Each structure stands twice: as structure tokens, then as C-alpha cells.
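For reference, model37.pdb (PDB, C-alpha atoms):
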```
ATOM      1  CA  MET A   1      18.476  13.118 -11.041
ATOM      2  CA  ASP A   2      15.490  14.969  -9.623
ATOM      3  CA  TRP A   3      16.484  15.646  -6.018
ATOM      4  CA  SER A   4      12.854  16.282  -5.042
ATOM      5  CA  HIS A   5      11.736  12.797  -6.131
ATOM      6  CA  TYR A   6      11.658   9.998  -3.554
ATOM      7  CA  ARG A   7      10.916   6.280  -3.573
ATOM      8  CA  PHE A   8      10.468   4.550  -0.242
ATOM      9  CA  ARG A   9       9.899   0.928   0.750
ATOM     10  CA  SER A  10       9.393  -0.286   4.297
ATOM     11  CA  VAL A  11       8.758  -3.852   5.441
ATOM     12  CA  TRP A  12       6.926  -4.481   8.701
ATOM     13  CA  ASP A  13       6.737  -8.015  10.110
ATOM     14  CA  LEU A  14       3.894  -8.168  12.604
ATOM     15  CA  ASP A  15       2.621 -10.773  15.064
ATOM     16  CA  ALA A  16      -1.030 -10.693  13.983
ATOM     17  CA  PRO A  17      -3.059 -12.306  11.207
ATOM     18  CA  PRO A  18      -3.203 -10.468   7.865
ATOM     19  CA  ASP A  19      -6.933  -9.737   8.068
ATOM     20  CA  ARG A  20      -6.460  -7.893  11.393
ATOM     21  CA  VAL A  21      -3.492  -5.918  10.068
ATOM     22  CA  TYR A  22      -5.385  -4.999   6.905
ATOM     23  CA  ALA A  23      -8.442  -3.946   8.932
ATOM     24  CA  VAL A  24      -6.323  -1.486  10.932
ATOM     25  CA  LEU A  25      -4.403  -0.156   7.914
ATOM     26  CA  GLU A  26      -7.553   0.504   5.884
ATOM     27  CA  ARG A  27      -8.824   2.913   8.570
ATOM     28  CA  GLY A  28      -6.617   5.903   7.811
ATOM     29  CA  GLU A  29      -8.633   8.178  10.087
ATOM     30  CA  ASP A  30      -7.479   6.035  13.047
ATOM     31  CA  TYR A  31      -3.726   6.257  12.287
ATOM     32  CA  PRO A  32      -3.169   9.044  14.848
ATOM     33  CA  ARG A  33      -4.314   6.611  17.577
ATOM     34  CA  TRP A  34      -1.337   4.317  17.038
ATOM     35  CA  TRP A  35       1.177   6.155  14.798
ATOM     36  CA  PRO A  36       2.816   8.997  16.763
ATOM     37  CA  GLN A  37       4.044  10.890  13.696
ATOM     38  CA  VAL A  38       0.583  10.988  12.123
ATOM     39  CA  ARG A  39      -0.743  14.026  13.955
ATOM     40  CA  ALA A  40      -4.234  14.144  12.417
ATOM     41  CA  VAL A  41      -6.339  12.702   9.613
ATOM     42  CA  GLU A  42      -9.473  14.563   8.629
ATOM     43  CA  PRO A  43     -11.924  12.811   6.302
ATOM     44  CA  VAL A  44     -13.100  15.175   3.542
ATOM     45  CA  GLY A  45     -15.120  12.665   1.549
ATOM     46  CA  PRO A  46     -15.928   8.956   1.430
ATOM     47  CA  HIS A  47     -12.559   8.069  -0.120
ATOM     48  CA  THR A  48     -10.429  11.118   0.688
ATOM     49  CA  GLY A  49      -8.725  12.485   3.798
ATOM     50  CA  VAL A  50      -6.196  15.147   4.713
ATOM     51  CA  GLY A  51      -3.268  13.910   6.787
ATOM     52  CA  HIS A  52      -0.851  15.938   8.913
ATOM     53  CA  PHE A  53       2.551  14.344   9.584
ATOM     54  CA  ARG A  54       5.554  15.326  11.641
ATOM     55  CA  SER A  55       8.587  13.256  12.502
ATOM     56  CA  PHE A  56      11.750  14.607  14.158
ATOM     57  CA  LEU A  57      12.261  17.625  11.865
ATOM     58  CA  PRO A  58      10.470  20.822  12.968
ATOM     59  CA  TYR A  59       7.913  20.991  10.158
ATOM     60  CA  GLU A  60       4.567  19.437   9.393
ATOM     61  CA  ILE A  61       3.652  17.863   6.063
ATOM     62  CA  GLU A  62       0.061  18.100   4.832
ATOM     63  CA  VAL A  63      -1.121  15.583   2.261
ATOM     64  CA  THR A  64      -4.526  14.830   0.763
ATOM     65  CA  ALA A  65      -4.877  11.082   0.144
ATOM     66  CA  THR A  66      -7.517   9.726  -2.220
ATOM     67  CA  GLU A  67      -8.199   6.021  -2.292
ATOM     68  CA  LEU A  68      -7.320   4.370  -5.596
ATOM     69  CA  LEU A  69      -7.605   0.718  -4.579
ATOM     70  CA  ARG A  70      -8.994  -1.135  -1.564
ATOM     71  CA  ASP A  71      -8.833  -4.891  -2.132
ATOM     72  CA  PRO A  72      -8.947  -7.086   0.975
ATOM     73  CA  ALA A  73      -8.745 -10.239  -1.189
ATOM     74  CA  THR A  74      -5.266  -9.284  -2.415
ATOM     75  CA  GLY A  75      -4.311  -7.302   0.688
ATOM     76  CA  VAL A  76      -3.675  -4.086  -1.241
ATOM     77  CA  LEU A  77      -4.496  -0.516  -0.258
ATOM     78  CA  GLU A  78      -3.381   2.267  -2.587
ATOM     79  CA  ALA A  79      -3.863   6.033  -2.519
ATOM     80  CA  ALA A  80      -3.008   9.029  -4.672
ATOM     81  CA  LEU A  81      -1.246  11.802  -2.735
ATOM     82  CA  ARG A  82      -1.277  15.537  -3.343
ATOM     83  CA  GLY A  83      -0.261  18.577  -1.358
ATOM     84  CA  ASP A  84       3.204  18.938   0.148
ATOM     85  CA  LEU A  85       3.938  15.555  -1.468
ATOM     86  CA  GLU A  86       2.479  14.360  -4.762
ATOM     87  CA  GLY A  87       2.474  10.798  -5.972
ATOM     88  CA  TRP A  88       1.165   7.542  -4.542
ATOM     89  CA  ALA A  89       1.417   5.207  -1.563
ATOM     90  CA  ARG A  90       0.582   1.512  -1.286
ATOM     91  CA  TRP A  91       0.254  -1.062   1.484
ATOM     92  CA  THR A  92       0.518  -4.741   0.560
ATOM     93  CA  VAL A  93      -0.463  -7.114   3.369
ATOM     94  CA  ARG A  94       0.483 -10.811   3.121
ATOM     95  CA  PRO A  95       0.750 -13.789   5.471
ATOM     96  CA  ARG A  96       4.253 -14.501   6.778
ATOM     97  CA  GLY A  97       4.631 -17.577   8.954
ATOM     98  CA  ARG A  98       2.108 -17.215  11.777
ATOM     99  CA  GLY A  99       1.972 -13.441  11.332
ATOM    100  CA  THR A 100       1.935 -10.805   8.634
ATOM    101  CA  ARG A 101       4.306  -8.920   6.402
ATOM    102  CA  ALA A 102       3.053  -5.433   5.539
ATOM    103  CA  VAL A 103       5.013  -3.670   2.805
ATOM    104  CA  TYR A 104       4.672   0.087   2.441
ATOM    105  CA  GLU A 105       5.768   1.642  -0.846
ATOM    106  CA  GLN A 106       5.651   5.302  -1.736
ATOM    107  CA  GLU A 107       6.762   7.329  -4.723
ATOM    108  CA  VAL A 108       6.443  11.075  -4.356
ATOM    109  CA  GLU A 109       7.622  14.423  -5.598
ATOM    110  CA  VAL A 110       8.165  17.034  -2.895
ATOM    111  CA  ARG A 111       6.090  20.144  -3.595
ATOM    112  CA  ARG A 112       6.699  22.132  -0.414
ATOM    113  CA  ALA A 113       8.835  25.139  -1.409
ATOM    114  CA  LEU A 114      11.324  25.038   1.473
ATOM    115  CA  MET A 115      11.951  21.318   1.028
ATOM    116  CA  ARG A 116      12.513  21.820  -2.701
ATOM    117  CA  ARG A 117      15.041  24.607  -2.005
ATOM    118  CA  LEU A 118      16.858  22.294   0.430
ATOM    119  CA  ALA A 119      16.549  19.238  -1.838
ATOM    120  CA  VAL A 120      20.248  18.567  -2.338
ATOM    121  CA  PRO A 121      21.737  19.280   1.099
ATOM    122  CA  GLY A 122      18.620  18.087   2.933
ATOM    123  CA  ARG A 123      18.057  14.805   1.117
ATOM    124  CA  PRO A 124      19.861  12.554   3.645
ATOM    125  CA  VAL A 125      18.065  14.267   6.524
ATOM    126  CA  PHE A 126      14.676  13.984   4.792
ATOM    127  CA  ARG A 127      15.296  10.267   4.199
ATOM    128  CA  LEU A 128      16.272   9.807   7.849
ATOM    129  CA  ASN A 129      13.152  11.711   8.925
ATOM    130  CA  HIS A 130      11.029   9.317   6.847
ATOM    131  CA  ALA A 131      12.840   6.247   8.226
ATOM    132  CA  LEU A 132      12.217   7.388  11.799
ATOM    133  CA  MET A 133       8.566   8.006  10.996
ATOM    134  CA  MET A 134       8.222   4.501   9.583
ATOM    135  CA  ARG A 135       9.966   2.988  12.608
ATOM    136  CA  GLY A 136       7.509   4.813  14.873
ATOM    137  CA  GLY A 137       4.616   3.535  12.790
ATOM    138  CA  ARG A 138       5.773  -0.089  12.919
ATOM    139  CA  ARG A 139       6.237   0.070  16.671
ATOM    140  CA  GLY A 140       2.890   1.795  17.164
ATOM    141  CA  LEU A 141       1.022  -0.680  14.981
ATOM    142  CA  ALA A 142       2.634  -3.675  16.703
ATOM    143  CA  ALA A 143       1.629  -2.304  20.128
ATOM    144  CA  HIS A 144      -1.889  -1.472  18.893
ATOM    145  CA  LEU A 145      -2.378  -4.979  17.500
ATOM    146  CA  ALA A 146      -1.044  -6.562  20.704
ATOM    147  CA  ALA A 147      -3.382  -4.466  22.860
ATOM    148  CA  ARG A 148      -6.362  -5.426  20.696
ATOM    149  CA  ARG A 149      -5.332  -9.097  20.854
ATOM    150  CA  ASP A 150      -5.071  -8.941  24.642
ATOM    151  CA  ALA A 151      -8.453  -7.226  24.905
ATOM    152  CA  VAL A 152     -10.209 -10.001  22.967
TER     153      VAL A 152
END
```
Same coordinates, now as C-alpha cells:
Amino acid sequence: MDWSHYRFRSVWDLDAPPDRVYAVLERGEDYPRWWPQVRAVEPVGPHTGVGHFRSFLPYEIEVTATELLRDPATGVLEAALRGDLEGWARWTVRPRGRGTRAVYEQEVEVRRALMRRLAVPGRPVFRLNHALMMRGGRRGLAAHLAARRDAV
């Protein structure tokens, strides 16, 4: 087993129509407005941005994301990742009842030297850190969508 390899899957059920959820998720540069653990996203090209992330652990992750797929018809957003993490991430947005189910999947290899050295003892803590980040994102997105709904 490669202790520096991770696969994540998070499911977010949201009280908003899929087209609204997709419209927010496709604007990566706006993530810091609603996702507390996304500290900054700097566009560096039409389909590329550098993201800075920090959850409860005292370190920041820097990742360059390059769009691979943006397909509103199928509800899929996919990006290649490089930097402290290398691999890919994908959002799949689908209707669920009167709302939306957004599924986030990520497969990455940790490249940051300290995290690689701590791969075995740190793995449970790194997974918890990611889970807390995703929980913060779901809560932030739900609140953002509700505020936009109320403003309309």
C-alpha cells in the first residue's frame, strides 16, 4: 500500500436546484467566499487556478487545479491537481428529490515532503483533516445557497 495515496468521496445533499449548485461549484475563484477552509484561489489562466487550503491542522496546502471537464449538461466538473497534492478531483451534480446531490471525488498522491514523511502515523489525522474540511464546505455551500435564495 502506498501510504501517500488517498481516495476521497463526499456526498452533499443540498436544498437548491442542481443548476444553481453547479453554477456556484464551477466558480472556483469564489470558493473562499463560502468555504472557510479554502483560504484563497488565484486564477493563473482561463482554465487554471492556484488554491490555498487549511483545515484544522497547522499547515497550508497549495494546489494548482487545471480544468479537464466542464459539462453542465451532465453536471460534471473535473480538474487535474498538482503541487502539494497531485491527481484529480471531480464534482458530479444531480437532482435529488426537490434538491441536489453533489458528489465530490478526489484521488491524489501527497507530494509535500513533511506529509510524506508522516504518511503512516499521520494518515488517520490527515483523513480527519480532510473530512472536517469537507464538512465545512458543505455547511458553507448550504448557507451560501440559502442566502442567495433569500435574496432573490
So how far away is atom CA of A:Val41 from atom CA of A:Val11, in Å?
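It comes out at 22.8 Å.
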Of A:Arg101, A:Arg39, A:Arg82, A:Arg94, the one nearest to A:Arg138 when counting all atoms listed in the file is A:Arg101
If we count only C-alpha atoms, what is near A:Pro18 at a cut-off of 8 Å, once residues fewer than 4 positions away on the same chain are taken out, given as a ChimeraX atom specification?
/A:22,75,93-95,99-101
Determine the nearest neighbour of A:Glu26 from the options A:Ala142, A:Gln106, A:Ala147, A:Ala79, counting only C-alpha atoms.
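The answer is A:Ala79, which sits nearest to A:Glu26.
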Name the residues that the PyMOL selection byres ((chain A and resi 109-115) around 8) picks from the file above, as a ChimeraX atom specification, using the file's chain letters and numbers.
/A:4-6,83-87,107-108,116-119,122
Please, could you write that set of residues out with C-alpha atoms as a compact mmCIF listing (two decimals), in the coordinates of the input?
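Writing the result to part_17.txt gives the following:
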```txt
# COMPACT_ATOMS: atom_id res chain seq x y z
CA SER A 4 12.85 16.28 -5.04
CA HIS A 5 11.74 12.80 -6.13
CA TYR A 6 11.66 10.00 -3.55
CA GLY A 83 -0.26 18.58 -1.36
CA ASP A 84 3.20 18.94 0.15
CA LEU A 85 3.94 15.56 -1.47
CA GLU A 86 2.48 14.36 -4.76
CA GLY A 87 2.47 10.80 -5.97
CA GLU A 107 6.76 7.33 -4.72
CA VAL A 108 6.44 11.08 -4.36
CA ARG A 116 12.51 21.82 -2.70
CA ARG A 117 15.04 24.61 -2.00
CA LEU A 118 16.86 22.29 0.43
CA ALA A 119 16.55 19.24 -1.84
CA GLY A 122 18.62 18.09 2.93
```
What's the separation between atom CA of A:Arg54 and atom CA of A:Glu42, in Å to one decimal place?
15.3 Å
Starting from the sparse input, extend stretch 121-132 of chain A to all heavy atoms and give the output as a JSON list (two decimals), in the frame of the given file.
```
[["chain", "number", "residue", "atom", "x", "y", "z"],
["A", 121, "PRO", "N", 21.09, 19.49, -0.20],
["A", 121, "PRO", "CA", 21.74, 19.28, 1.10],
["A", 121, "PRO", "C", 20.84, 18.56, 2.11],
["A", 121, "PRO", "O", 21.34, 17.87, 3.00],
["A", 121, "PRO", "CB", 22.05, 20.70, 1.58],
["A", 121, "PRO", "CG", 21.07, 21.57, 0.89],
["A", 121, "PRO", "CD", 20.82, 20.91, -0.45],
["A", 122, "GLY", "N", 19.53, 18.68, 1.96],
["A", 122, "GLY", "CA", 18.62, 18.09, 2.93],
["A", 122, "GLY", "C", 18.22, 16.65, 2.67],
["A", 122, "GLY", "O", 17.65, 15.99, 3.54],
["A", 123, "ARG", "N", 18.53, 16.14, 1.49],
["A", 123, "ARG", "CA", 18.06, 14.80, 1.12],
["A", 123, "ARG", "C", 18.37, 13.73, 2.15],
["A", 123, "ARG", "O", 17.48, 12.97, 2.54],
["A", 123, "ARG", "CB", 18.60, 14.42, -0.26],
["A", 123, "ARG", "CG", 17.96, 13.15, -0.80],
["A", 123, "ARG", "CD", 18.38, 12.93, -2.24],
["A", 123, "ARG", "NE", 17.76, 11.75, -2.78],
["A", 123, "ARG", "CZ", 16.57, 11.71, -3.33],
["A", 123, "ARG", "NH1", 15.84, 12.80, -3.43],
["A", 123, "ARG", "NH2", 16.07, 10.58, -3.80],
["A", 124, "PRO", "N", 19.60, 13.61, 2.64],
["A", 124, "PRO", "CA", 19.86, 12.55, 3.64],
["A", 124, "PRO", "C", 19.04, 12.75, 4.93],
["A", 124, "PRO", "O", 18.58, 11.78, 5.52],
["A", 124, "PRO", "CB", 21.36, 12.67, 3.94],
["A", 124, "PRO", "CG", 21.93, 13.49, 2.84],
["A", 124, "PRO", "CD", 20.82, 14.32, 2.29],
["A", 125, "VAL", "N", 18.84, 13.98, 5.31],
["A", 125, "VAL", "CA", 18.07, 14.27, 6.52],
["A", 125, "VAL", "C", 16.59, 13.96, 6.29],
["A", 125, "VAL", "O", 15.92, 13.40, 7.16],
["A", 125, "VAL", "CB", 18.27, 15.73, 6.98],
["A", 125, "VAL", "CG1", 17.45, 16.05, 8.20],
["A", 125, "VAL", "CG2", 19.75, 15.99, 7.24],
["A", 126, "PHE", "N", 16.07, 14.28, 5.11],
["A", 126, "PHE", "CA", 14.68, 13.98, 4.79],
["A", 126, "PHE", "C", 14.45, 12.46, 4.77],
["A", 126, "PHE", "O", 13.43, 11.98, 5.25],
["A", 126, "PHE", "CB", 14.26, 14.59, 3.45],
["A", 126, "PHE", "CG", 14.31, 16.09, 3.40],
["A", 126, "PHE", "CD1", 14.49, 16.76, 2.20],
["A", 126, "PHE", "CD2", 14.17, 16.87, 4.55],
["A", 126, "PHE", "CE1", 14.52, 18.13, 2.14],
["A", 126, "PHE", "CE2", 14.21, 18.26, 4.51],
["A", 126, "PHE", "CZ", 14.39, 18.89, 3.29],
["A", 127, "ARG", "N", 15.42, 11.73, 4.23],
["A", 127, "ARG", "CA", 15.30, 10.27, 4.20],
["A", 127, "ARG", "C", 15.34, 9.69, 5.62],
["A", 127, "ARG", "O", 14.59, 8.77, 5.95],
["A", 127, "ARG", "CB", 16.37, 9.65, 3.31],
["A", 127, "ARG", "CG", 16.17, 9.99, 1.82],
["A", 127, "ARG", "CD", 17.11, 9.24, 0.91],
["A", 127, "ARG", "NE", 16.77, 7.83, 0.81],
["A", 127, "ARG", "CZ", 15.76, 7.34, 0.09],
["A", 127, "ARG", "NH1", 14.98, 8.14, -0.59],
["A", 127, "ARG", "NH2", 15.53, 6.04, 0.05],
["A", 128, "LEU", "N", 16.20, 10.24, 6.46],
["A", 128, "LEU", "CA", 16.27, 9.81, 7.85],
["A", 128, "LEU", "C", 14.96, 10.13, 8.56],
["A", 128, "LEU", "O", 14.44, 9.31, 9.32],
["A", 128, "LEU", "CB", 17.45, 10.48, 8.57],
["A", 128, "LEU", "CG", 17.54, 10.20, 10.07],
["A", 128, "LEU", "CD1", 17.75, 8.71, 10.34],
["A", 128, "LEU", "CD2", 18.67, 11.03, 10.68],
["A", 129, "ASN", "N", 14.42, 11.30, 8.33],
["A", 129, "ASN", "CA", 13.15, 11.71, 8.93],
["A", 129, "ASN", "C", 12.05, 10.69, 8.56],
["A", 129, "ASN", "O", 11.28, 10.27, 9.42],
["A", 129, "ASN", "CB", 12.79, 13.11, 8.42],
["A", 129, "ASN", "CG", 11.67, 13.75, 9.19],
["A", 129, "ASN", "OD1", 11.75, 13.94, 10.39],
["A", 129, "ASN", "ND2", 10.61, 14.11, 8.48],
["A", 130, "HIS", "N", 12.02, 10.30, 7.30],
["A", 130, "HIS", "CA", 11.03, 9.32, 6.85],
["A", 130, "HIS", "C", 11.27, 7.97, 7.52],
["A", 130, "HIS", "O", 10.32, 7.32, 7.97],
["A", 130, "HIS", "CB", 11.08, 9.17, 5.32],
["A", 130, "HIS", "CG", 10.02, 8.27, 4.80],
["A", 130, "HIS", "ND1", 10.22, 6.92, 4.64],
["A", 130, "HIS", "CD2", 8.75, 8.51, 4.41],
["A", 130, "HIS", "CE1", 9.11, 6.38, 4.18],
["A", 130, "HIS", "NE2", 8.21, 7.32, 4.02],
["A", 131, "ALA", "N", 12.52, 7.53, 7.59],
["A", 131, "ALA", "CA", 12.84, 6.25, 8.23],
["A", 131, "ALA", "C", 12.41, 6.23, 9.69],
["A", 131, "ALA", "O", 11.85, 5.22, 10.18],
["A", 131, "ALA", "CB", 14.33, 5.95, 8.10],
["A", 132, "LEU", "N", 12.63, 7.32, 10.40],
["A", 132, "LEU", "CA", 12.22, 7.39, 11.80],
["A", 132, "LEU", "C", 10.69, 7.38, 11.93],
["A", 132, "LEU", "O", 10.14, 6.76, 12.84],
["A", 132, "LEU", "CB", 12.81, 8.62, 12.47],
["A", 132, "LEU", "CG", 14.33, 8.58, 12.64],
["A", 132, "LEU", "CD1", 14.84, 9.92, 13.16],
["A", 132, "LEU", "CD2", 14.75, 7.44, 13.55]]
```
